[in-house]
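What follows is target.txt (compact mmCIF, C-alpha atoms).
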# COMPACT_ATOMS: atom_id res chain seq x y z
CA MET A 96 66.43 111.48 88.49
CA ALA A 97 65.28 108.93 85.93
CA ALA A 98 68.71 107.29 85.98
CA TYR A 99 68.25 106.55 89.68
CA GLY A 100 64.90 104.89 88.96
CA PHE A 101 66.43 102.70 86.26
CA LYS A 102 69.28 101.78 88.58
CA LEU A 103 66.82 100.89 91.34
CA ALA A 104 64.69 98.82 88.96
CA GLY A 105 67.78 97.01 87.68
CA ALA A 106 68.86 96.22 91.24
CA ALA A 107 65.39 94.91 92.08
CA ILE A 108 65.38 92.65 89.02
CA ALA A 109 68.89 91.41 89.86
CA PHE A 110 67.87 90.63 93.45
CA LEU A 111 64.81 88.79 92.18
CA LEU A 112 66.81 86.69 89.73
CA ILE A 113 69.50 85.92 92.29
CA GLY A 114 66.82 84.98 94.82
CA VAL A 115 65.11 82.62 92.39
CA LEU A 116 68.45 81.06 91.48
CA VAL A 117 69.37 80.56 95.14
CA ILE A 118 66.00 78.97 95.90
CA LEU A 119 66.33 76.63 92.92
CA ILE A 120 69.85 75.59 93.89
CA PHE A 121 69.21 75.19 97.62
CA ASP A 122 65.59 73.99 97.51
CA ARG A 123 66.15 70.97 99.78
CA ILE A 124 67.65 73.20 102.45
CA TRP A 125 64.74 75.65 102.19
CA PHE A 126 62.23 72.84 102.69
CA ARG A 127 64.20 71.45 105.60
CA ILE A 128 64.58 74.71 107.55
CA GLY A 129 61.16 76.08 106.65
CA MET A 130 59.88 78.97 104.62
CA GLY A 131 59.78 81.39 107.58
CA THR A 132 63.45 80.90 108.31
CA ALA A 133 64.27 81.20 104.62
CA LEU A 134 62.45 84.55 104.48
CA VAL A 135 64.35 85.76 107.55
CA VAL A 136 67.64 84.79 105.91
CA VAL A 137 66.78 86.46 102.59
CA PHE A 138 65.46 89.70 104.10
CA GLY A 139 68.33 89.77 106.60
CA GLY A 140 70.73 89.58 103.69
CA LEU A 141 68.90 92.40 101.91
CA LEU A 142 69.09 94.55 105.04
CA LEU A 143 72.80 93.82 105.34
CA VAL A 144 73.40 94.86 101.72
CA ALA A 145 71.33 98.04 102.19
CA TRP A 146 73.24 98.90 105.36
CA TYR A 147 76.59 98.35 103.62
CA LEU A 148 75.61 100.52 100.65
CA ASP A 149 74.33 103.25 102.97
CA ARG A 150 77.60 103.26 104.92
CA LYS A 151 79.51 103.47 101.64
CA GLU A 152 77.43 106.49 100.51
CA LYS A 153 77.88 108.23 103.88
CA ALA A 154 81.65 107.74 103.65
CA LYS A 155 81.63 109.23 100.14
CA ARG A 156 79.71 112.32 101.35
CA ALA A 157 81.68 112.71 104.60
CA GLY A 158 83.23 116.10 103.82
CA ILE A 159 80.23 117.74 102.16
CA ASP A 160 78.88 119.25 105.41
CA GLU A 161 82.14 121.10 105.97
CA LEU A 162 81.94 123.01 102.68
CA PRO A 163 80.94 126.69 102.92
CA ARG A 164 77.40 127.65 101.99
CA VAL A 165 76.95 129.33 98.62
Starting from the file, lay out its structure as structure tokens.
Amino acid sequence: MAAYGFKLAGAAIAFLLIGVLVILIFDRIWFRIGMGTALVVVFGGLLLVAWYLDRKEKAKRAGIDELPRV
């Protein structure tokens, strides 16, 4: 269970660093389109990644429900 927490913390730190890097690289675009739109784009991207990872996990566990109960 602790491994999952470390993995989650590592992913959060990676997203934070990538987000800061993207904002630093594309700062003129962020100022031009506005902070609200930038937040929509960033959180939309996070939702897309979460949806993709969830679909991947569901595909990996697809046959588990068909196993007999022990």
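Here CA of Ile128 (chain A) is placed at a distance of 21.5 Å from CA of Phe110 (chain A).
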Just need the box for region 149-153 of chain A, edges along x, y and z, holding every atom the file lists for it with 3 Å tacked onto each side, so centre and edge lengths in Å to one decimal, as lines of an AutoDock Vina configuration file.
center_x = 76.9
center_y = 105.7
center_z = 102.7
size_x = 11.2
size_y = 11.0
size_z = 10.4
Residue neighbourhood region 116-119 of chain A, 12 Å, all atoms listed in the file, exclusion window fewer than 6 positions, as a PDB file with C-alpha atoms, in the coordinates of the input:
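The result, stored in part-v9.pdb:
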ATOM      1  CA  ALA A 109      68.890  91.410  89.860  1.00  0.00           C
ATOM      2  CA  PHE A 110      67.870  90.630  93.450  1.00  0.00           C
ATOM      3  CA  TRP A 125      64.740  75.650 102.190  1.00  0.00           C
ATOM      4  CA  PHE A 126      62.230  72.840 102.690  1.00  0.00           C
ATOM      5  CA  MET A 130      59.880  78.970 104.620  1.00  0.00           C
ATOM      6  CA  ALA A 133      64.270  81.200 104.620  1.00  0.00           C
ATOM      7  CA  LEU A 134      62.450  84.550 104.480  1.00  0.00           C
ATOM      8  CA  VAL A 136      67.640  84.790 105.910  1.00  0.00           C
ATOM      9  CA  VAL A 137      66.780  86.460 102.590  1.00  0.00           C
TER      10      VAL A 137
END
Grab the CA of Gly129 (chain A) to CA of Ala145 (chain A) distance for me, in Å with one decimal place.
24.6 Å
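Note that CA of Leu111 (chain A) and CA of Lys151 (chain A) are 22.8 Å apart.
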